[in-house]
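Below is upload_1.txt, holding compact mmCIF, C-alpha atoms.
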```
# COMPACT_ATOMS: atom_id res chain seq x y z
CA MET A 11 9.61 17.44 -21.67
CA SER A 12 9.31 17.82 -25.44
CA LYS A 13 5.85 19.36 -25.04
CA PHE A 14 7.15 21.75 -22.38
CA LEU A 15 9.93 22.98 -24.67
CA ARG A 16 7.55 23.82 -27.48
CA PRO A 17 6.56 27.47 -27.94
CA PRO A 18 3.43 28.05 -25.83
CA ASN A 19 0.02 28.60 -27.35
CA LEU A 20 -0.74 32.02 -25.91
CA GLU A 21 -4.43 31.88 -26.78
CA VAL A 22 -4.85 28.66 -24.79
CA MET A 23 -2.79 29.92 -21.85
CA GLN A 24 -4.84 33.12 -21.78
CA GLN A 25 -7.84 31.02 -20.73
CA LEU A 26 -6.04 30.07 -17.50
CA ILE A 27 -5.79 33.63 -16.17
CA PRO A 28 -8.48 36.19 -15.31
CA PRO A 29 -9.42 38.77 -17.95
CA SER A 30 -7.13 41.78 -17.94
CA PRO A 31 -8.77 44.98 -16.60
CA GLN A 32 -7.42 46.78 -19.67
CA SER A 33 -9.27 44.39 -21.97
CA LEU A 34 -12.49 45.00 -20.03
CA LYS A 35 -12.01 48.77 -20.49
CA LEU A 36 -12.81 49.54 -16.86
CA GLU A 37 -12.12 52.83 -15.16
CA ALA A 38 -9.12 52.92 -12.84
CA SER A 39 -11.37 53.10 -9.78
CA GLU A 40 -13.25 49.95 -10.91
CA ARG A 41 -10.22 47.75 -11.49
CA GLU A 42 -9.28 45.07 -8.98
CA LEU A 43 -5.74 45.11 -7.59
CA LEU A 44 -5.49 41.31 -7.61
CA VAL A 45 -7.69 38.67 -9.24
CA VAL A 46 -7.15 34.93 -8.83
CA GLN A 47 -8.55 32.25 -11.13
CA VAL A 48 -8.42 28.57 -10.10
CA ASN A 49 -8.66 26.06 -12.96
CA TYR A 50 -9.63 22.44 -12.27
CA PHE A 51 -8.90 19.62 -14.71
CA SER A 52 -10.50 16.18 -14.94
CA PRO A 53 -7.53 14.12 -13.63
CA GLY A 54 -7.55 16.26 -10.50
CA ASP A 55 -4.84 18.73 -11.54
CA VAL A 56 -5.14 22.39 -10.64
CA ALA A 57 -3.70 25.49 -12.30
CA VAL A 58 -3.82 28.88 -10.59
CA GLY A 59 -3.63 32.05 -12.65
CA ILE A 60 -3.44 35.60 -11.34
CA CYS A 61 -3.86 39.06 -12.74
CA ILE A 62 -2.29 41.83 -10.66
CA TRP A 63 -2.20 45.58 -11.14
CA HIS A 64 1.23 46.52 -12.48
CA GLY A 65 1.27 49.62 -10.33
CA LEU A 66 1.30 47.33 -7.31
CA ALA A 67 3.96 44.84 -8.37
CA ASP A 68 6.49 44.21 -11.10
CA GLY A 69 7.47 40.80 -12.46
CA SER A 70 9.93 40.05 -9.66
CA ALA A 71 7.43 41.04 -6.96
CA ILE A 72 4.70 38.89 -8.53
CA PHE A 73 7.02 35.87 -8.68
CA ASN A 74 8.02 36.21 -5.02
CA PHE A 75 4.42 36.86 -3.97
CA MET A 76 3.34 33.58 -5.59
CA LYS A 77 6.33 31.74 -4.12
CA LEU A 78 5.55 32.95 -0.61
CA TRP A 79 1.86 32.12 -1.05
CA VAL A 80 2.77 28.54 -2.03
CA GLU A 81 5.04 28.21 1.01
CA ILE A 82 2.22 29.32 3.31
CA ASN A 83 -0.20 26.80 1.77
CA ARG A 84 2.36 24.02 2.11
CA GLY A 85 2.77 24.79 5.79
CA VAL A 86 6.35 25.95 5.43
CA ASN A 87 6.33 28.41 8.32
CA GLU A 88 10.04 28.53 9.09
CA ASN A 89 11.08 32.20 9.23
CA ILE A 90 7.82 33.06 7.47
CA CYS A 91 7.30 35.98 9.85
CA ASN A 92 10.61 37.49 8.80
CA LYS A 93 9.60 37.58 5.15
CA VAL A 94 7.99 40.98 5.42
CA VAL A 95 6.55 42.73 2.39
CA LEU A 96 7.85 46.28 2.57
CA ASP A 97 6.12 49.45 1.49
CA CYS A 98 8.50 50.64 -1.19
CA THR A 99 6.87 54.06 -1.43
CA SER A 100 9.13 55.06 1.46
CA LEU A 101 12.12 54.42 -0.81
CA PHE A 102 10.56 55.61 -4.06
CA PRO A 103 7.96 58.24 -3.06
CA PRO A 104 5.54 59.48 -5.74
CA HIS A 105 6.89 62.49 -7.59
CA SER A 106 4.85 64.96 -9.61
CA SER A 107 7.49 65.18 -12.35
CA LEU A 108 6.99 61.49 -13.19
CA LYS A 109 3.21 61.39 -13.40
CA ASP A 110 3.10 61.93 -17.17
CA GLN A 111 5.98 59.62 -18.04
CA HIS A 112 4.01 56.59 -19.14
CA ILE A 113 4.93 54.00 -21.72
CA LYS A 114 2.36 53.85 -24.48
CA PRO A 115 1.06 50.31 -25.06
CA GLN A 116 2.20 48.76 -28.32
CA SER A 117 -0.19 47.39 -30.86
CA THR A 118 -0.47 43.62 -30.43
CA SER A 119 -0.08 43.21 -34.19
CA LYS A 120 3.52 44.48 -33.89
CA VAL A 121 4.52 42.25 -30.96
CA VAL A 122 6.34 39.00 -31.68
CA PHE A 123 6.77 36.29 -29.04
CA LYS A 124 9.53 33.76 -29.50
CA ARG A 125 10.99 31.13 -27.19
CA LEU A 126 14.66 30.35 -27.84
CA PHE A 127 16.72 27.55 -26.30
CA PHE A 128 20.48 27.60 -25.87
CA ASP A 129 22.85 24.85 -24.80
CA GLY A 130 24.35 25.63 -21.39
CA LYS A 131 27.88 24.63 -22.40
CA LYS A 132 27.77 26.85 -25.48
CA ILE A 133 26.67 29.81 -23.37
CA VAL A 134 29.60 29.23 -21.01
CA ALA A 135 32.00 29.04 -23.96
CA LEU A 136 30.55 32.21 -25.47
CA LYS A 137 30.84 34.00 -22.14
CA GLU A 138 34.51 33.04 -21.80
CA LYS A 139 35.23 34.19 -25.36
CA VAL A 140 33.56 37.56 -24.81
CA ASN A 141 35.35 38.16 -21.51
CA LYS A 142 38.69 37.49 -23.22
CA GLU A 143 37.82 40.05 -25.90
CA ILE A 144 36.93 42.56 -23.20
CA MET A 145 40.32 42.10 -21.53
CA VAL A 146 42.29 42.70 -24.75
CA GLY A 147 39.95 45.27 -26.28
CA SER A 148 39.23 48.88 -25.53
CA PHE A 149 36.34 48.16 -23.18
CA ASP A 150 36.17 48.75 -19.46
CA HIS A 151 38.34 45.96 -18.02
CA LYS A 152 36.18 45.88 -14.89
CA LEU A 153 33.24 44.75 -16.97
CA GLN A 154 32.54 41.03 -16.93
CA ALA A 155 29.93 39.72 -19.32
CA SER A 156 27.11 37.73 -17.76
CA ARG A 157 25.13 34.95 -19.40
CA PHE A 158 22.26 37.35 -19.99
CA MET A 159 24.55 39.89 -21.62
CA VAL A 160 26.11 37.46 -24.08
CA VAL A 161 22.80 35.81 -25.02
CA SER A 162 20.94 39.11 -25.44
CA SER A 163 23.88 40.48 -27.45
CA LEU A 164 23.77 37.41 -29.69
CA ILE A 165 20.05 37.91 -30.36
CA TRP A 166 20.54 41.65 -30.78
CA GLY A 167 23.36 41.01 -33.25
CA ALA A 168 21.05 38.87 -35.38
CA PHE A 169 18.54 41.74 -35.57
CA ILE A 170 21.33 44.17 -36.47
CA ALA A 171 22.52 41.90 -39.27
CA ILE A 172 18.99 41.77 -40.70
CA ALA A 173 18.61 45.55 -40.40
CA ARG A 174 21.92 46.15 -42.17
CA GLU A 175 20.93 43.91 -45.06
CA ARG A 176 17.66 45.77 -45.43
CA LYS A 177 19.46 49.12 -45.37
CA ARG A 178 21.93 47.95 -48.00
CA ALA A 179 19.01 47.02 -50.21
CA ILE A 180 17.95 50.67 -50.31
CA ASN A 181 21.52 52.04 -50.39
CA ASN A 182 21.29 53.55 -46.93
CA LYS A 183 23.64 53.11 -43.99
CA LEU A 184 22.58 52.13 -40.49
CA TYR A 185 24.81 54.03 -38.09
CA SER A 186 23.58 52.99 -34.66
CA HIS A 187 21.31 50.48 -32.97
CA ALA A 188 19.39 50.78 -29.71
CA MET A 189 17.85 48.23 -27.38
CA TYR A 190 15.82 48.69 -24.22
CA TYR A 191 16.38 46.47 -21.18
CA THR A 192 14.26 46.01 -18.09
CA VAL A 193 16.60 46.15 -15.08
CA ASN A 194 15.57 44.92 -11.62
CA LEU A 195 16.72 47.59 -9.15
CA GLN A 196 16.34 45.45 -6.02
CA SER A 197 19.81 43.94 -6.28
CA LYS A 198 21.32 47.24 -7.46
CA MET A 199 20.59 49.08 -4.23
CA ASN A 200 23.02 49.31 -1.33
CA PRO A 201 22.16 47.40 0.76
CA PRO A 202 20.10 45.16 -1.56
CA MET A 203 16.38 44.97 -0.88
CA ILE A 204 14.76 41.71 0.21
CA PRO A 205 13.03 39.82 -2.63
CA GLN A 206 9.60 40.11 -0.98
CA CYS A 207 9.32 43.87 -1.62
CA MET A 208 6.18 44.92 -3.45
CA GLY A 209 6.08 47.67 -6.04
CA ASN A 210 7.57 48.51 -9.42
CA ILE A 211 11.25 48.42 -8.51
CA PHE A 212 12.63 48.35 -12.04
CA ARG A 213 13.76 50.72 -14.74
CA PHE A 214 13.98 50.72 -18.51
CA VAL A 215 17.49 51.48 -19.73
CA ARG A 216 18.63 52.19 -23.26
CA ALA A 217 21.76 50.60 -24.68
CA GLU A 218 23.06 52.10 -27.91
CA CYS A 219 25.57 50.26 -30.04
CA PHE A 220 28.06 51.66 -32.51
CA GLY A 221 30.39 48.65 -32.41
CA LYS A 222 30.72 45.81 -29.93
CA LEU A 223 27.40 44.78 -28.45
CA VAL A 224 28.54 43.67 -25.00
CA GLY A 225 30.42 46.91 -24.57
CA ALA A 226 27.18 48.75 -25.25
CA ALA A 227 24.91 46.69 -23.03
CA GLY A 228 27.20 46.14 -20.07
CA PRO A 229 27.44 49.66 -18.56
CA GLN A 230 23.67 50.14 -18.81
CA LEU A 231 22.96 46.89 -16.99
CA LYS A 232 25.42 47.79 -14.24
```

Please go through the file and, once you have read it, give me the structure as structure tokens.
Amino acid sequence: MSKFLRPPNLEVMQQLIPPSPQSLKLEASERELLVVQVNYFSPGDVAVGICIWHGLADGSAIFNFMKLWVEINRGVNENICNKVVLDCTSLFPPHSSLKDQHIKPQSTSKVVFKRLFFDGKKIVALKEKVNKEIMVGSFDHKLQASRFMVVSSLIWGAFIAIARERKRAINNKLYSHAMYYTVNLQSKMNPPMIPQCMGNIFRFVRAECFGKLVGAAGPQLK
């Protein structure tokens, strides 16, 4: 367990998945939609890594695709026929106005990966404290902070504190702070979509903070 909780070595883990089409600098027409790499180890263990085109599936779709694949291989066929993968283009048809709205890839030298661990009881206590502040404060009383909201706000607050100290060092004020969230739209639809839907069913939302963090993040996540 102690080894599992350690921050992963990304260079080692990269060897367990197929090369990314972007790293191979292939044309769009030459890129595979799905590539599977099976890794065999001497004790008989197996690790399966996949590389899938992001235009075909987002993180949630990839997770459920792998889960369903495992169920099929295990012979779990109960209600397997009802777990239909839908064509989400009928719900989100391609639109010409969106074709140029792409997110530019960030330089890998500016990306920082960090794994943080929080005690479950402390998260519950923090959630209760924040919800009490929401009830007595000037926020929307219908808003209830989730575990994700309080933890992300805690991390965000640490970055804000660092930014403020840096701004003070150069005698400049930091008036606002922004953070981008990836929101899964499957559960936001009415009625909710089944988890086995393929496609990019998510959206980036911007939360801007001038004061309380949860008050800034909450409406955007809803």

**Request:** Dig up all the protein and nucleic acid residues within 12 Å of (23.4, 31.6, -15.8) in the file frame, using only C-alpha atoms, and format them as a list in words.
**Result:** Phe128, Asp129, Gly130, Lys131, Lys132, Ile133, Val134, Lys137, Ala155, Ser156, Arg157, Phe158, Met159, Val160 and Val161 of chain A

Output C-alpha atoms of each residue in that selection to a file, as a PDB file, keeping the file's coordinate frame.
```
ATOM      1  CA  PHE A 128      20.480  27.600 -25.870  1.00  0.00           C
ATOM      2  CA  ASP A 129      22.850  24.850 -24.800  1.00  0.00           C
ATOM      3  CA  GLY A 130      24.350  25.630 -21.390  1.00  0.00           C
ATOM      4  CA  LYS A 131      27.880  24.630 -22.400  1.00  0.00           C
ATOM      5  CA  LYS A 132      27.770  26.850 -25.480  1.00  0.00           C
ATOM      6  CA  ILE A 133      26.670  29.810 -23.370  1.00  0.00           C
ATOM      7  CA  VAL A 134      29.600  29.230 -21.010  1.00  0.00           C
ATOM      8  CA  LYS A 137      30.840  34.000 -22.140  1.00  0.00           C
ATOM      9  CA  ALA A 155      29.930  39.720 -19.320  1.00  0.00           C
ATOM     10  CA  SER A 156      27.110  37.730 -17.760  1.00  0.00           C
ATOM     11  CA  ARG A 157      25.130  34.950 -19.400  1.00  0.00           C
ATOM     12  CA  PHE A 158      22.260  37.350 -19.990  1.00  0.00           C
ATOM     13  CA  MET A 159      24.550  39.890 -21.620  1.00  0.00           C
ATOM     14  CA  VAL A 160      26.110  37.460 -24.080  1.00  0.00           C
ATOM     15  CA  VAL A 161      22.800  35.810 -25.020  1.00  0.00           C
TER      16      VAL A 161
END
```

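Across the structure, CA of Ile27 in chain A and CA of Cys61 in chain A are spaced 6.7 Å apart.
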
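Comparing the minimum interatomic distances between Ser70 in chain A and each of A:Leu153, A:Val193, A:Val215, A:Ile82, counting only C-alpha atoms, we find that A:Val193 sits nearest.
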
**Item:** One-decimal distance in Å that lies between CA of Leu43 in chain A and CA of Val56 in chain A
**Value:**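 Calculated distance between CA of Val56 in chain A and CA of Leu43 in chain A is 22.9 Å.
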
**Message:** Using all atoms listed in the file for the distances, tell me which of A:Ser30, A:Gln154, A:Asn49, A:Asn83 is nearest to Trp63 in chain A.
**Reply:**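 Smallest distance to Trp63 in chain A is found for A:Ser30.
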
**Message:** Between CA of Arg213 in chain A and CA of Val140 in chain A, what distance in Å does the model show, to one decimal?
**Reply:**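 Between these atoms lies a distance of 25.8 Å.
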
**Item:** Given all atoms listed in the file as the counted atoms, nearest of A:Glu81, A:Asp68, A:Glu218, A:Glu37 to Thr192 in chain A
**Value:**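 Selected residue with least distance to Thr192 in chain A: A:Asp68.
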
What would range 29-57 of chain A look like with N, CA and C atoms restored, written as a CSV table (one decimal), in the coordinates of the input?
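Below is the file selection_27.csv, written as the result:
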```csv
chain,number,residue,atom,x,y,z
A,29,PRO,N,-9.5,37.7,-16.9
A,29,PRO,CA,-9.4,38.8,-18.0
A,29,PRO,C,-8.7,40.0,-17.4
A,30,SER,N,-7.9,40.6,-18.3
A,30,SER,CA,-7.1,41.8,-17.9
A,30,SER,C,-8.1,43.0,-17.8
A,31,PRO,N,-7.9,43.8,-16.7
A,31,PRO,CA,-8.8,45.0,-16.6
A,31,PRO,C,-8.7,45.9,-17.8
A,32,GLN,N,-7.5,45.9,-18.5
A,32,GLN,CA,-7.4,46.8,-19.7
A,32,GLN,C,-8.3,46.3,-20.8
A,33,SER,N,-8.4,44.9,-20.9
A,33,SER,CA,-9.3,44.4,-22.0
A,33,SER,C,-10.7,44.6,-21.7
A,34,LEU,N,-11.1,44.7,-20.4
A,34,LEU,CA,-12.5,45.0,-20.0
A,34,LEU,C,-12.8,46.5,-20.1
A,35,LYS,N,-11.8,47.3,-20.3
A,35,LYS,CA,-12.0,48.8,-20.5
A,35,LYS,C,-12.7,49.4,-19.3
A,36,LEU,N,-12.2,49.0,-18.1
A,36,LEU,CA,-12.8,49.5,-16.9
A,36,LEU,C,-12.1,50.8,-16.5
A,37,GLU,N,-12.8,51.7,-15.7
A,37,GLU,CA,-12.1,52.8,-15.2
A,37,GLU,C,-11.1,52.4,-14.1
A,38,ALA,N,-10.2,53.3,-13.8
A,38,ALA,CA,-9.1,52.9,-12.8
A,38,ALA,C,-9.7,52.6,-11.5
A,39,SER,N,-10.8,53.3,-11.1
A,39,SER,CA,-11.4,53.1,-9.8
A,39,SER,C,-12.2,51.8,-9.7
A,40,GLU,N,-12.5,51.2,-10.9
A,40,GLU,CA,-13.2,50.0,-10.9
A,40,GLU,C,-12.4,48.7,-11.0
A,41,ARG,N,-11.1,48.9,-11.3
A,41,ARG,CA,-10.2,47.8,-11.5
A,41,ARG,C,-9.8,47.1,-10.2
A,42,GLU,N,-9.8,45.8,-10.2
A,42,GLU,CA,-9.3,45.1,-9.0
A,42,GLU,C,-7.8,45.1,-8.9
A,43,LEU,N,-7.2,45.1,-7.7
A,43,LEU,CA,-5.7,45.1,-7.6
A,43,LEU,C,-5.2,43.7,-7.8
A,44,LEU,N,-5.9,42.7,-7.4
A,44,LEU,CA,-5.5,41.3,-7.6
A,44,LEU,C,-6.7,40.4,-7.9
A,45,VAL,N,-6.6,39.6,-8.9
A,45,VAL,CA,-7.7,38.7,-9.2
A,45,VAL,C,-7.1,37.3,-9.4
A,46,VAL,N,-7.7,36.3,-8.8
A,46,VAL,CA,-7.2,34.9,-8.8
A,46,VAL,C,-8.2,34.0,-9.5
A,47,GLN,N,-7.7,33.2,-10.4
A,47,GLN,CA,-8.6,32.2,-11.1
A,47,GLN,C,-8.0,30.8,-10.9
A,48,VAL,N,-8.8,30.0,-10.4
A,48,VAL,CA,-8.4,28.6,-10.1
A,48,VAL,C,-9.0,27.7,-11.2
A,49,ASN,N,-8.2,26.9,-11.9
A,49,ASN,CA,-8.7,26.1,-13.0
A,49,ASN,C,-8.5,24.6,-12.5
A,50,TYR,N,-9.6,23.9,-12.6
A,50,TYR,CA,-9.6,22.4,-12.3
A,50,TYR,C,-9.7,21.6,-13.5
A,51,PHE,N,-8.9,20.5,-13.6
A,51,PHE,CA,-8.9,19.6,-14.7
A,51,PHE,C,-9.4,18.2,-14.3
A,52,SER,N,-9.8,17.5,-15.2
A,52,SER,CA,-10.5,16.2,-14.9
A,52,SER,C,-9.6,15.2,-14.2
A,53,PRO,N,-8.3,15.1,-14.4
A,53,PRO,CA,-7.5,14.1,-13.6
A,53,PRO,C,-7.3,14.6,-12.2
A,54,GLY,N,-7.8,15.8,-11.8
A,54,GLY,CA,-7.6,16.3,-10.5
A,54,GLY,C,-6.5,17.3,-10.4
A,55,ASP,N,-5.9,17.7,-11.5
A,55,ASP,CA,-4.8,18.7,-11.5
A,55,ASP,C,-5.5,20.1,-11.4
A,56,VAL,N,-4.7,21.0,-10.9
A,56,VAL,CA,-5.1,22.4,-10.6
A,56,VAL,C,-4.1,23.4,-11.2
A,57,ALA,N,-4.6,24.4,-11.8
A,57,ALA,CA,-3.7,25.5,-12.3
A,57,ALA,C,-4.3,26.8,-11.8
```
